[in-house]
Structures are given as structure tokens and as C-alpha cells.
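For reference, query_24.cif (mmCIF, C-alpha atoms):
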```cif
data_structure
#
loop_
_atom_site.group_PDB
_atom_site.id
_atom_site.type_symbol
_atom_site.label_atom_id
_atom_site.label_comp_id
_atom_site.auth_asym_id
_atom_site.auth_seq_id
_atom_site.Cartn_x
_atom_site.Cartn_y
_atom_site.Cartn_z
ATOM 1 C CA MET A 1 0.000 0.000 0.000
ATOM 2 C CA ILE A 2 1.415 3.374 -1.061
ATOM 3 C CA SER A 3 0.825 6.875 0.247
ATOM 4 C CA VAL A 4 2.005 9.571 -2.160
ATOM 5 C CA ILE A 5 3.024 12.861 -0.542
ATOM 6 C CA ILE A 6 3.114 16.130 -2.479
ATOM 7 C CA ILE A 7 3.921 19.545 -1.032
ATOM 8 C CA THR A 8 2.556 22.506 -2.954
ATOM 9 C CA LEU A 9 2.523 26.260 -3.342
ATOM 10 C CA ASN A 10 0.562 27.753 -6.245
ATOM 11 C CA GLU A 11 0.780 24.655 -8.435
ATOM 12 C CA GLU A 12 -2.578 24.821 -10.215
ATOM 13 C CA LYS A 13 -0.837 24.429 -13.586
ATOM 14 C CA ASN A 14 0.955 21.231 -12.556
ATOM 15 C CA ILE A 15 -0.961 19.365 -9.865
ATOM 16 C CA LYS A 16 -3.437 17.565 -12.144
ATOM 17 C CA ARG A 17 -0.684 16.087 -14.322
ATOM 18 C CA ALA A 18 1.173 14.864 -11.251
ATOM 19 C CA MET A 19 -1.912 13.302 -9.672
ATOM 20 C CA ASP A 20 -3.126 11.727 -12.914
ATOM 21 C CA SER A 21 0.244 9.975 -13.255
ATOM 22 C CA ILE A 22 -0.116 8.164 -9.899
ATOM 23 C CA LYS A 23 -3.802 7.253 -9.935
ATOM 24 C CA ASN A 24 -3.013 3.580 -10.657
ATOM 25 C CA ILE A 25 -0.444 3.153 -7.875
ATOM 26 C CA ALA A 26 -1.522 5.537 -5.095
ATOM 27 C CA ASP A 27 -3.764 4.110 -2.373
ATOM 28 C CA GLU A 28 -3.699 7.543 -0.747
ATOM 29 C CA ILE A 29 -2.547 11.005 -1.837
ATOM 30 C CA ILE A 30 -1.467 13.514 0.793
ATOM 31 C CA VAL A 31 -1.141 17.132 -0.362
ATOM 32 C CA VAL A 32 0.371 19.595 2.126
ATOM 33 C CA ASP A 33 -0.105 23.106 0.832
ATOM 34 C CA SER A 34 1.867 26.185 1.921
ATOM 35 C CA GLU A 35 -1.054 28.614 1.778
ATOM 36 C CA SER A 36 -1.505 28.805 -1.991
ATOM 37 C CA THR A 37 -3.397 31.749 -3.440
ATOM 38 C CA ASP A 38 -4.473 29.915 -6.599
ATOM 39 C CA LYS A 39 -6.704 26.867 -7.137
ATOM 40 C CA THR A 40 -4.146 24.210 -6.170
ATOM 41 C CA THR A 41 -6.043 22.885 -3.156
ATOM 42 C CA GLN A 42 -9.419 22.862 -4.925
ATOM 43 C CA ILE A 43 -8.004 20.872 -7.835
ATOM 44 C CA ALA A 44 -6.230 18.424 -5.518
ATOM 45 C CA GLN A 45 -9.376 17.847 -3.453
ATOM 46 C CA LYS A 46 -11.483 17.348 -6.573
ATOM 47 C CA LEU A 47 -9.016 14.682 -7.729
ATOM 48 C CA GLY A 48 -9.287 12.827 -4.434
ATOM 49 C CA ALA A 49 -6.323 14.018 -2.388
ATOM 50 C CA LYS A 50 -6.354 14.560 1.350
ATOM 51 C CA VAL A 51 -5.369 18.227 1.579
ATOM 52 C CA PHE A 52 -3.733 19.861 4.590
ATOM 53 C CA ILE A 53 -2.553 23.439 5.041
ATOM 54 C CA ARG A 54 0.743 24.100 6.834
ATOM 55 C CA LYS A 55 2.827 27.269 6.867
ATOM 56 C CA PHE A 56 6.178 26.584 5.237
ATOM 57 C CA ASP A 57 9.326 26.675 7.372
ATOM 58 C CA ASN A 58 11.701 24.361 5.502
ATOM 59 C CA PHE A 59 11.410 21.495 3.066
ATOM 60 C CA ALA A 60 12.412 18.666 5.393
ATOM 61 C CA ASN A 61 9.917 19.704 8.067
ATOM 62 C CA GLN A 62 7.157 20.159 5.507
ATOM 63 C CA LYS A 63 7.732 16.746 3.958
ATOM 64 C CA ASN A 64 8.166 14.944 7.273
ATOM 65 C CA TRP A 65 4.906 16.490 8.430
ATOM 66 C CA ALA A 66 3.238 15.253 5.236
ATOM 67 C CA GLN A 67 4.655 11.790 5.909
ATOM 68 C CA SER A 68 3.161 11.862 9.403
ATOM 69 C CA LYS A 69 -0.286 12.185 7.820
ATOM 70 C CA ALA A 70 0.205 9.071 5.663
ATOM 71 C CA SER A 71 -1.495 5.841 6.708
ATOM 72 C CA ASN A 72 0.269 3.313 4.460
ATOM 73 C CA ASN A 73 3.512 1.360 4.797
ATOM 74 C CA TRP A 74 5.240 2.842 1.740
ATOM 75 C CA ILE A 75 5.809 6.522 1.016
ATOM 76 C CA LEU A 76 6.328 7.877 -2.501
ATOM 77 C CA ALA A 77 7.451 11.506 -2.688
ATOM 78 C CA LEU A 78 6.406 13.447 -5.758
ATOM 79 C CA ASP A 79 6.797 17.131 -6.566
ATOM 80 C CA ALA A 80 3.857 18.890 -8.164
ATOM 81 C CA ASP A 81 5.846 19.484 -11.360
ATOM 82 C CA GLU A 82 6.789 15.809 -11.699
ATOM 83 C CA GLU A 83 5.033 12.756 -13.109
ATOM 84 C CA ILE A 84 5.416 8.986 -12.909
ATOM 85 C CA PRO A 85 5.513 7.258 -16.331
ATOM 86 C CA GLU A 86 3.725 3.942 -16.730
ATOM 87 C CA LYS A 87 6.893 1.812 -16.806
ATOM 88 C CA LEU A 88 8.097 3.340 -13.547
ATOM 89 C CA ALA A 89 4.661 2.823 -12.011
ATOM 90 C CA ASP A 90 4.868 -0.883 -12.882
ATOM 91 C CA GLU A 91 8.341 -1.064 -11.350
ATOM 92 C CA ILE A 92 7.092 0.603 -8.166
ATOM 93 C CA LYS A 93 4.245 -1.918 -7.863
ATOM 94 C CA GLN A 94 6.742 -4.759 -8.039
ATOM 95 C CA GLY A 95 9.278 -3.046 -5.768
ATOM 96 C CA ILE A 96 7.022 -2.630 -2.755
ATOM 97 C CA SER A 97 6.578 -6.411 -2.530
ATOM 98 C CA SER A 98 10.152 -6.745 -1.232
ATOM 99 C CA ASP A 99 10.660 -7.390 2.478
ATOM 100 C CA GLU A 100 14.415 -6.751 2.250
ATOM 101 C CA ILE A 101 14.419 -3.247 0.721
ATOM 102 C CA ALA A 102 13.826 -0.203 2.951
ATOM 103 C CA GLY A 103 13.926 2.371 0.169
ATOM 104 C CA TYR A 104 14.520 2.864 -3.549
ATOM 105 C CA LEU A 105 16.621 5.274 -5.537
ATOM 106 C CA ILE A 106 14.605 6.584 -8.473
ATOM 107 C CA PRO A 107 16.297 8.267 -11.455
ATOM 108 C CA ARG A 108 14.852 11.546 -12.698
ATOM 109 C CA ARG A 109 14.876 13.146 -16.139
ATOM 110 C CA ASN A 110 14.914 16.934 -15.898
ATOM 111 C CA PHE A 111 13.311 19.135 -18.537
ATOM 112 C CA ILE A 112 14.458 22.750 -18.169
ATOM 113 C CA LEU A 113 13.865 25.682 -20.522
ATOM 114 C CA GLY A 114 11.810 23.443 -22.781
ATOM 115 C CA LYS A 115 14.210 20.545 -23.290
ATOM 116 C CA GLU A 116 15.663 17.585 -21.416
ATOM 117 C CA ILE A 117 18.981 18.468 -19.795
ATOM 118 C CA LYS A 118 21.276 15.471 -20.167
ATOM 119 C CA TYR A 119 24.454 16.937 -18.695
ATOM 120 C CA SER A 120 25.192 20.167 -16.744
ATOM 121 C CA ARG A 121 25.113 18.298 -13.379
ATOM 122 C CA TRP A 122 21.402 17.573 -13.789
ATOM 123 C CA SER A 123 22.030 14.076 -15.052
ATOM 124 C CA PRO A 124 22.426 11.483 -13.702
ATOM 125 C CA ASP A 125 19.955 12.586 -11.038
ATOM 126 C CA LYS A 126 18.729 9.924 -8.630
ATOM 127 C CA HIS A 127 17.497 10.083 -5.043
ATOM 128 C CA ILE A 128 15.489 8.030 -2.584
ATOM 129 C CA TRP A 129 11.885 8.897 -3.365
ATOM 130 C CA LEU A 130 10.212 5.652 -2.301
ATOM 131 C CA TRP A 131 10.688 4.183 1.182
ATOM 132 C CA LYS A 132 9.040 2.344 4.027
ATOM 133 C CA LYS A 133 7.392 4.815 6.360
ATOM 134 C CA ASP A 134 9.017 3.455 9.514
ATOM 135 C CA LYS A 135 12.475 3.289 7.919
ATOM 136 C CA GLY A 136 13.066 6.778 6.516
ATOM 137 C CA ARG A 137 12.650 10.497 6.990
ATOM 138 C CA TRP A 138 13.787 13.743 5.371
ATOM 139 C CA ILE A 139 16.827 15.630 6.646
ATOM 140 C CA GLY A 140 18.330 18.989 5.667
ATOM 141 C CA ASP A 141 16.882 22.504 5.628
ATOM 142 C CA VAL A 142 17.688 22.989 1.919
ATOM 143 C CA HIS A 143 18.238 20.419 -0.849
ATOM 144 C CA GLU A 144 16.811 17.842 1.545
ATOM 145 C CA GLU A 145 17.325 14.096 1.189
ATOM 146 C CA VAL A 146 15.596 10.996 2.534
ATOM 147 C CA LYS A 147 17.754 8.894 4.837
ATOM 148 C CA VAL A 148 16.647 5.311 5.369
ATOM 149 C CA LEU A 149 17.607 2.636 7.865
ATOM 150 C CA GLY A 150 18.149 -0.508 5.846
ATOM 151 C CA LYS A 151 18.956 -1.754 2.375
ATOM 152 C CA VAL A 152 18.448 0.597 -0.581
ATOM 153 C CA GLY A 153 17.508 -0.643 -4.027
ATOM 154 C CA GLN A 154 17.367 1.203 -7.349
ATOM 155 C CA PHE A 155 14.844 1.369 -10.159
ATOM 156 C CA LYS A 156 15.749 1.480 -13.852
ATOM 157 C CA ASN A 157 12.930 3.721 -15.035
ATOM 158 C CA SER A 158 12.877 7.462 -14.373
ATOM 159 C CA LYS A 159 10.308 9.923 -13.196
ATOM 160 C CA ILE A 160 9.879 13.086 -15.252
ATOM 161 C CA HIS A 161 10.569 16.546 -13.838
ATOM 162 C CA HIS A 162 9.042 19.459 -15.726
ATOM 163 C CA SER A 163 11.215 22.125 -14.170
ATOM 164 C CA HIS A 164 11.679 25.810 -14.969
ATOM 165 C CA LYS A 165 10.173 26.674 -18.333
ATOM 166 C CA THR A 166 11.562 30.228 -18.442
ATOM 167 C CA ILE A 167 14.564 32.182 -17.198
ATOM 168 C CA SER A 168 12.219 34.175 -14.955
ATOM 169 C CA GLU A 169 11.017 30.986 -13.246
ATOM 170 C CA PHE A 170 14.608 29.890 -12.744
ATOM 171 C CA LEU A 171 15.586 33.232 -11.219
ATOM 172 C CA ASP A 172 12.565 33.178 -8.907
ATOM 173 C CA SER A 173 13.585 29.722 -7.720
ATOM 174 C CA ASN A 174 17.188 30.832 -7.207
ATOM 175 C CA ASN A 175 16.023 33.767 -5.143
ATOM 176 C CA PHE A 176 13.888 31.512 -2.935
ATOM 177 C CA TYR A 177 16.474 28.773 -2.429
ATOM 178 C CA SER A 178 19.400 31.154 -1.920
ATOM 179 C CA ALA A 179 17.553 32.798 0.984
ATOM 180 C CA LEU A 180 16.920 29.409 2.603
ATOM 181 C CA LEU A 181 20.507 28.281 2.117
ATOM 182 C CA ALA A 182 21.960 31.534 3.454
ATOM 183 C CA GLU A 183 19.796 31.211 6.573
ATOM 184 C CA SER A 184 20.858 27.573 7.017
ATOM 185 C CA MET A 185 24.546 28.492 6.661
ATOM 186 C CA TYR A 186 24.184 31.320 9.154
ATOM 187 C CA LYS A 187 22.606 29.012 11.726
ATOM 188 C CA LYS A 188 25.538 26.627 11.293
ATOM 189 C CA GLY A 189 28.005 29.413 12.032
ATOM 190 C CA VAL A 190 29.260 30.016 8.493
ATOM 191 C CA ARG A 191 30.342 33.604 7.964
ATOM 192 C CA PHE A 192 30.796 35.686 4.836
ATOM 193 C CA SER A 193 34.020 35.321 2.876
ATOM 194 C CA PHE A 194 34.709 37.361 -0.235
ATOM 195 C CA LEU A 195 37.210 34.791 -1.501
ATOM 196 C CA LYS A 196 34.794 31.897 -0.993
ATOM 197 C CA MET A 197 32.040 33.856 -2.720
ATOM 198 C CA VAL A 198 34.186 34.413 -5.807
ATOM 199 C CA TRP A 199 35.642 30.911 -5.779
ATOM 200 C CA ASP A 200 32.298 29.118 -5.318
ATOM 201 C CA SER A 201 30.711 31.025 -8.193
ATOM 202 C CA ILE A 202 33.582 30.408 -10.601
ATOM 203 C CA TRP A 203 33.911 26.773 -9.524
ATOM 204 C CA GLU A 204 30.194 26.135 -9.996
ATOM 205 C CA PHE A 205 30.344 27.391 -13.588
ATOM 206 C CA LYS A 206 33.439 25.324 -14.395
ATOM 207 C CA ILE A 207 32.020 22.161 -12.867
ATOM 208 C CA ARG A 208 28.707 22.391 -14.703
ATOM 209 C CA PHE A 209 29.817 23.670 -18.086
ATOM 210 C CA PHE A 210 33.123 21.844 -18.513
ATOM 211 C CA TYR A 211 33.569 18.906 -16.103
ATOM 212 C CA LYS A 212 29.888 17.889 -16.261
ATOM 213 C CA LEU A 213 29.810 18.554 -20.022
ATOM 214 C CA GLY A 214 27.220 21.311 -19.890
ATOM 215 C CA PHE A 215 28.379 22.550 -23.286
ATOM 216 C CA LEU A 216 26.740 19.429 -24.776
ATOM 217 C CA ASP A 217 23.379 20.845 -23.649
ATOM 218 C CA GLY A 218 23.981 23.774 -26.022
ATOM 219 C CA TRP A 219 22.864 27.276 -25.136
ATOM 220 C CA ARG A 220 20.767 25.860 -22.308
ATOM 221 C CA GLY A 221 23.874 24.351 -20.752
ATOM 222 C CA LEU A 222 25.608 27.725 -20.900
ATOM 223 C CA CYS A 223 22.614 29.508 -19.371
ATOM 224 C CA LEU A 224 22.244 26.960 -16.595
ATOM 225 C CA ALA A 225 25.933 27.020 -15.682
ATOM 226 C CA TYR A 226 25.824 30.825 -15.569
ATOM 227 C CA LEU A 227 22.583 30.938 -13.565
ATOM 228 C CA MET A 228 23.871 28.439 -11.014
ATOM 229 C CA ALA A 229 27.058 30.469 -10.630
ATOM 230 C CA ILE A 230 24.851 33.503 -9.946
ATOM 231 C CA TYR A 231 22.898 31.393 -7.451
ATOM 232 C CA HIS A 232 26.053 30.795 -5.410
ATOM 233 C CA LEU A 233 26.864 34.486 -5.609
ATOM 234 C CA MET A 234 23.383 35.278 -4.274
ATOM 235 C CA VAL A 235 23.812 32.875 -1.362
ATOM 236 C CA TRP A 236 27.018 34.561 -0.209
ATOM 237 C CA ILE A 237 25.620 38.060 -0.629
ATOM 238 C CA LYS A 238 22.556 37.144 1.432
ATOM 239 C CA LEU A 239 24.822 35.600 4.049
ATOM 240 C CA TRP A 240 26.778 38.870 4.137
ATOM 241 C CA GLN A 241 23.503 40.718 4.701
ATOM 242 C CA LYS A 242 22.622 38.428 7.599
ATOM 243 C CA ASN A 243 26.042 38.907 9.159
ATOM 244 C CA ASN A 244 25.529 42.663 9.110
ATOM 245 C CA GLN A 245 21.916 42.616 10.235
ATOM 246 C CA LYS A 246 22.527 40.297 13.184
ATOM 247 C CA SER A 247 26.007 41.355 14.239
#
```
Once you've parsed the file, please lay out its structure as C-alpha cells.
Amino acid sequence: MISVIIITLNEEKNIKRAMDSIKNIADEIIVVDSESTDKTTQIAQKLGAKVFIRKFDNFANQKNWAQSKASNNWILALDADEEIPEKLADEIKQGISSDEIAGYLIPRRNFILGKEIKYSRWSPDKHIWLWKKDKGRWIGDVHEEVKVLGKVGQFKNSKIHHSHKTISEFLDSNNFYSALLAESMYKKGVRFSFLKMVWDSIWEFKIRFFYKLGFLDGWRGLCLAYLMAIYHLMVWIKLWQKNNQKS
């Protein structure tokens, strides 16, 4: 039995596609919404989800809270802009019959700026997105991961991630995540460093565009390497602001 958990914020354009893709494998769908101002919750309820409202603090807390509302043995985490293809759904059905496996790594294909990104550090992209409820939980304020107690298996088929369709969407996301990461770094005692700011930004571009073969993704690879370098710059600048505000 599978409970699918989805956290949302203004996802009326995506939520139906995500929920339609799991209708043949989900015994329960838990949607935890961060006070959307669009029709996300109405659409989710109409499609049969159990909808809860919780003010967002960080991703791990939000997703662990969603997991606490699930009533089934297996948890499948799905973002609102993702979908589960039929072959992966079949693999999931078979996978949950195992008594030995506590969780499964699931590959993900990322579509950004209108095309699948096959390099640029977005591929290969695999994480634990299916696990036994009593064996795993989310950790990490930002870029959270599921940690499981027990053996981890891996599926062959990938879920699909319909990520940022425009540069504006990507920049909005960078602004949101950079604020969360700067706050997390500050709480851990990290302090602003001009040299680290410059180095991290340059290193991020080099890693994505050259070492991770981002140039093979064409102009999108160049844009993504540049935008992720700017993301790291934003994180350090926001950390500098926090140092000055709270010093």
C-alpha cells in the first residue's frame, strides 16, 4: 500500500498532471499546501487528495509532516511538477513487494527551458523517493534528502521533472532557495568570505559547463551554468547581509 506525498505552493498548472500519473499506484494522496493563493487545493481535493494546510518553514519539516499524515507502509514523494511514467509505475508496484528493501533510488529526467537536460550536473539525477514509512525520513533545511535505515535498491525507469520553463522561473527559484541556504549556513556558524564567494561562483560554472559537459546541452547548458554560478553568488551576498543585520 502506497501513500504519495506532495507539497505545494501555487501549483494549479501542474498538480493535475502529477496526480493523474499516480492514480493507478496511489492508495492515498497527501497534499500539504503552503497557503496557496491559486486553485491548487481545490483541484487536488477534486481529484481525491487529502489536503492539509501548513505554513512553510523548511522542506524537510514540511515533507516529514506530510509523511506523518500518511497511513500506508510505503511513502512515494512526488513534486507537483513531476510525473510517474507507466513503466516506472509498474516497477514501483513490483518493488514494494520486497521485504528486504527499505527504500529505492529513483532516477529523474529533468526538462528545463523546454528541453531535457542530459548533462550540466542535472544528469544522472537519482534520489530516494520511495521508502518504508518506519524506515526513513527527510533531513536537511535545503536540498533535503531521505535517509533510510536498511537496504536501498534502485529502479531502472525514471520519473519526469518538468522544471523551470523560463529564465524568470529559474531566477525566482534561485532567489527563494538562496535565501533558505543563506539562513541555514548562518545558523551553522558560516560567515561571509569574499574569496569563498568568488571561488564558489567560478567553480560552480566550471564544474557544470566543462567537467559535467554542460556545453553538450547547447545554449541551455551555458545559461544553466551561468545561472547556477549567480545562485552561489546570491547565497554569499545574502549571508553577508545576515552577518551585518545580526552582528
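When you apply the PyMOL selection byres ((chain A and resi 76) around 6) to this structure, what comes back is Val4, Ile75, Ala77, Trp129 and Leu130 of chain A.
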Kindly save the residues from that selection, with C-alpha atoms included, as a compact mmCIF listing (two decimals), in the frame of the given file.
```
# COMPACT_ATOMS: atom_id res chain seq x y z
CA VAL A 4 2.00 9.57 -2.16
CA ILE A 75 5.81 6.52 1.02
CA ALA A 77 7.45 11.51 -2.69
CA TRP A 129 11.88 8.90 -3.36
CA LEU A 130 10.21 5.65 -2.30
```
What is the atom CA of A:Pro107 to atom CA of A:His232 distance in Å?
->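 Atom-to-atom, atom CA of A:Pro107 and atom CA of A:His232 are spaced 25.3 Å apart.
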Using the chain letters and numbering of this document, enumerate as a VMD selection string the residues selected by the PyMOL selection byres ((chain A and resi 160-167) around 6).
-> chain A and resid 81 to 83 108 to 114 159 168 to 170
Dump as an mmCIF file, in the frame of the given file, selection limited to C-alpha atoms:
```
data_model
loop_
_atom_site.group_PDB
_atom_site.id
_atom_site.type_symbol
_atom_site.label_atom_id
_atom_site.label_comp_id
_atom_site.auth_asym_id
_atom_site.auth_seq_id
_atom_site.Cartn_x
_atom_site.Cartn_y
_atom_site.Cartn_z
ATOM 1 C CA ASP A 81 5.846 19.484 -11.360
ATOM 2 C CA GLU A 82 6.789 15.809 -11.699
ATOM 3 C CA GLU A 83 5.033 12.756 -13.109
ATOM 4 C CA ARG A 108 14.852 11.546 -12.698
ATOM 5 C CA ARG A 109 14.876 13.146 -16.139
ATOM 6 C CA ASN A 110 14.914 16.934 -15.898
ATOM 7 C CA PHE A 111 13.311 19.135 -18.537
ATOM 8 C CA ILE A 112 14.458 22.750 -18.169
ATOM 9 C CA LEU A 113 13.865 25.682 -20.522
ATOM 10 C CA GLY A 114 11.810 23.443 -22.781
ATOM 11 C CA LYS A 159 10.308 9.923 -13.196
ATOM 12 C CA SER A 168 12.219 34.175 -14.955
ATOM 13 C CA GLU A 169 11.017 30.986 -13.246
ATOM 14 C CA PHE A 170 14.608 29.890 -12.744
#
```
Quick one: residues within 9 Å of stretch 35-37 of chain A, all atoms listed in the file counted, chain neighbours fewer than 6 positions away excluded, as a PyMOL selection string?
-> chain A and resi 8-11+53-56
Of the listed residues A:Trp122, A:Asn61, A:Asp38, A:Tyr186, that which approaches A:Lys212 most closely, counting only C-alpha atoms =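 That would be A:Trp122, the residue with the smallest distance to A:Lys212.
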Measuring atom to atom with only C-alpha atoms, identify which of A:Leu227, A:Lys151, A:Val190, A:Ser201 is nearest to A:Asp172.
->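 Among the listed residues, the smallest separation from A:Asp172 belongs to A:Leu227.
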Have a look at atom CA of A:Ser34 and atom CA of A:Asn58 and let me know their distance in Å, one decimal.
->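 One can read the atom CA of A:Ser34 to atom CA of A:Asn58 distance as 10.6 Å.
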Determine the nearest neighbour of A:Trp131 from the options A:Glu116, A:Asp99, A:Glu144, A:Asp33, counting all atoms listed in the file.
-> A:Asp99
List the residues selected by the PyMOL selection byres ((chain A and resi 214) around 9) in the file shown, writing them as a PyMOL selection string.
-> chain A and resi 117-121+207-213+215-218+220-222+224-225
Quick one: write out the picked residues with C-alpha atoms as a compact mmCIF listing (two decimals), in the frame of the given file?
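Result file is part.txt:
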```txt
# COMPACT_ATOMS: atom_id res chain seq x y z
CA ILE A 117 18.98 18.47 -19.80
CA LYS A 118 21.28 15.47 -20.17
CA TYR A 119 24.45 16.94 -18.70
CA SER A 120 25.19 20.17 -16.74
CA ARG A 121 25.11 18.30 -13.38
CA ILE A 207 32.02 22.16 -12.87
CA ARG A 208 28.71 22.39 -14.70
CA PHE A 209 29.82 23.67 -18.09
CA PHE A 210 33.12 21.84 -18.51
CA TYR A 211 33.57 18.91 -16.10
CA LYS A 212 29.89 17.89 -16.26
CA LEU A 213 29.81 18.55 -20.02
CA PHE A 215 28.38 22.55 -23.29
CA LEU A 216 26.74 19.43 -24.78
CA ASP A 217 23.38 20.84 -23.65
CA GLY A 218 23.98 23.77 -26.02
CA ARG A 220 20.77 25.86 -22.31
CA GLY A 221 23.87 24.35 -20.75
CA LEU A 222 25.61 27.72 -20.90
CA LEU A 224 22.24 26.96 -16.60
CA ALA A 225 25.93 27.02 -15.68
```
How would stretch 207-236 of chain A read, as a compact mmCIF listing (two decimals), keeping the file's coordinate frame, once N, CA and C atoms are built in?
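Generated file (selection_35.txt):
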```
# COMPACT_ATOMS: atom_id res chain seq x y z
N ILE A 207 32.48 23.53 -13.09
CA ILE A 207 32.02 22.16 -12.87
C ILE A 207 30.88 21.82 -13.81
N ARG A 208 29.89 22.69 -13.91
CA ARG A 208 28.71 22.39 -14.70
C ARG A 208 28.98 22.45 -16.21
N PHE A 209 29.68 23.47 -16.65
CA PHE A 209 29.82 23.67 -18.09
C PHE A 209 30.93 22.82 -18.70
N PHE A 210 32.00 22.60 -17.96
CA PHE A 210 33.12 21.84 -18.51
C PHE A 210 33.18 20.41 -17.97
N TYR A 211 33.39 20.24 -16.66
CA TYR A 211 33.57 18.91 -16.10
C TYR A 211 32.32 18.04 -16.29
N LYS A 212 31.14 18.62 -16.09
CA LYS A 212 29.89 17.89 -16.26
C LYS A 212 29.30 18.04 -17.67
N LEU A 213 30.13 18.53 -18.59
CA LEU A 213 29.81 18.55 -20.02
C LEU A 213 28.57 19.38 -20.37
N GLY A 214 28.37 20.47 -19.63
CA GLY A 214 27.22 21.31 -19.89
C GLY A 214 27.18 21.87 -21.30
N PHE A 215 28.34 22.02 -21.92
CA PHE A 215 28.38 22.55 -23.29
C PHE A 215 27.65 21.64 -24.28
N LEU A 216 27.48 20.35 -23.91
CA LEU A 216 26.74 19.43 -24.78
C LEU A 216 25.24 19.66 -24.72
N ASP A 217 24.78 20.44 -23.72
CA ASP A 217 23.38 20.84 -23.65
C ASP A 217 23.14 22.14 -24.42
N GLY A 218 24.14 22.60 -25.17
CA GLY A 218 23.98 23.77 -26.02
C GLY A 218 23.82 25.06 -25.24
N TRP A 219 23.03 25.97 -25.78
CA TRP A 219 22.86 27.28 -25.14
C TRP A 219 22.20 27.13 -23.77
N ARG A 220 21.39 26.09 -23.61
CA ARG A 220 20.77 25.86 -22.31
C ARG A 220 21.83 25.50 -21.26
N GLY A 221 22.80 24.71 -21.66
CA GLY A 221 23.87 24.35 -20.75
C GLY A 221 24.66 25.57 -20.31
N LEU A 222 24.91 26.48 -21.24
CA LEU A 222 25.61 27.72 -20.90
C LEU A 222 24.77 28.57 -19.95
N CYS A 223 23.50 28.72 -20.24
CA CYS A 223 22.61 29.51 -19.37
C CYS A 223 22.54 28.92 -17.97
N LEU A 224 22.40 27.60 -17.89
CA LEU A 224 22.24 26.96 -16.60
C LEU A 224 23.52 27.04 -15.77
N ALA A 225 24.67 26.88 -16.40
CA ALA A 225 25.93 27.02 -15.68
C ALA A 225 26.09 28.44 -15.15
N TYR A 226 25.74 29.41 -15.98
CA TYR A 226 25.82 30.82 -15.57
C TYR A 226 24.84 31.12 -14.44
N LEU A 227 23.60 30.66 -14.58
CA LEU A 227 22.58 30.94 -13.56
C LEU A 227 22.90 30.27 -12.23
N MET A 228 23.50 29.09 -12.27
CA MET A 228 23.87 28.44 -11.01
C MET A 228 25.08 29.11 -10.38
N ALA A 229 25.96 29.67 -11.18
CA ALA A 229 27.06 30.47 -10.63
C ALA A 229 26.51 31.71 -9.93
N ILE A 230 25.50 32.34 -10.55
CA ILE A 230 24.85 33.50 -9.95
C ILE A 230 24.14 33.09 -8.65
N TYR A 231 23.56 31.90 -8.65
CA TYR A 231 22.90 31.39 -7.45
C TYR A 231 23.86 31.37 -6.26
N HIS A 232 25.06 30.84 -6.49
CA HIS A 232 26.05 30.80 -5.41
C HIS A 232 26.48 32.20 -4.99
N LEU A 233 26.56 33.09 -5.94
CA LEU A 233 26.86 34.49 -5.61
C LEU A 233 25.76 35.07 -4.72
N MET A 234 24.52 34.79 -5.06
CA MET A 234 23.38 35.28 -4.27
C MET A 234 23.41 34.75 -2.85
N VAL A 235 23.76 33.48 -2.70
CA VAL A 235 23.81 32.88 -1.36
C VAL A 235 24.80 33.63 -0.47
N TRP A 236 25.99 33.90 -1.01
CA TRP A 236 27.02 34.56 -0.21
C TRP A 236 26.65 36.01 0.08
```
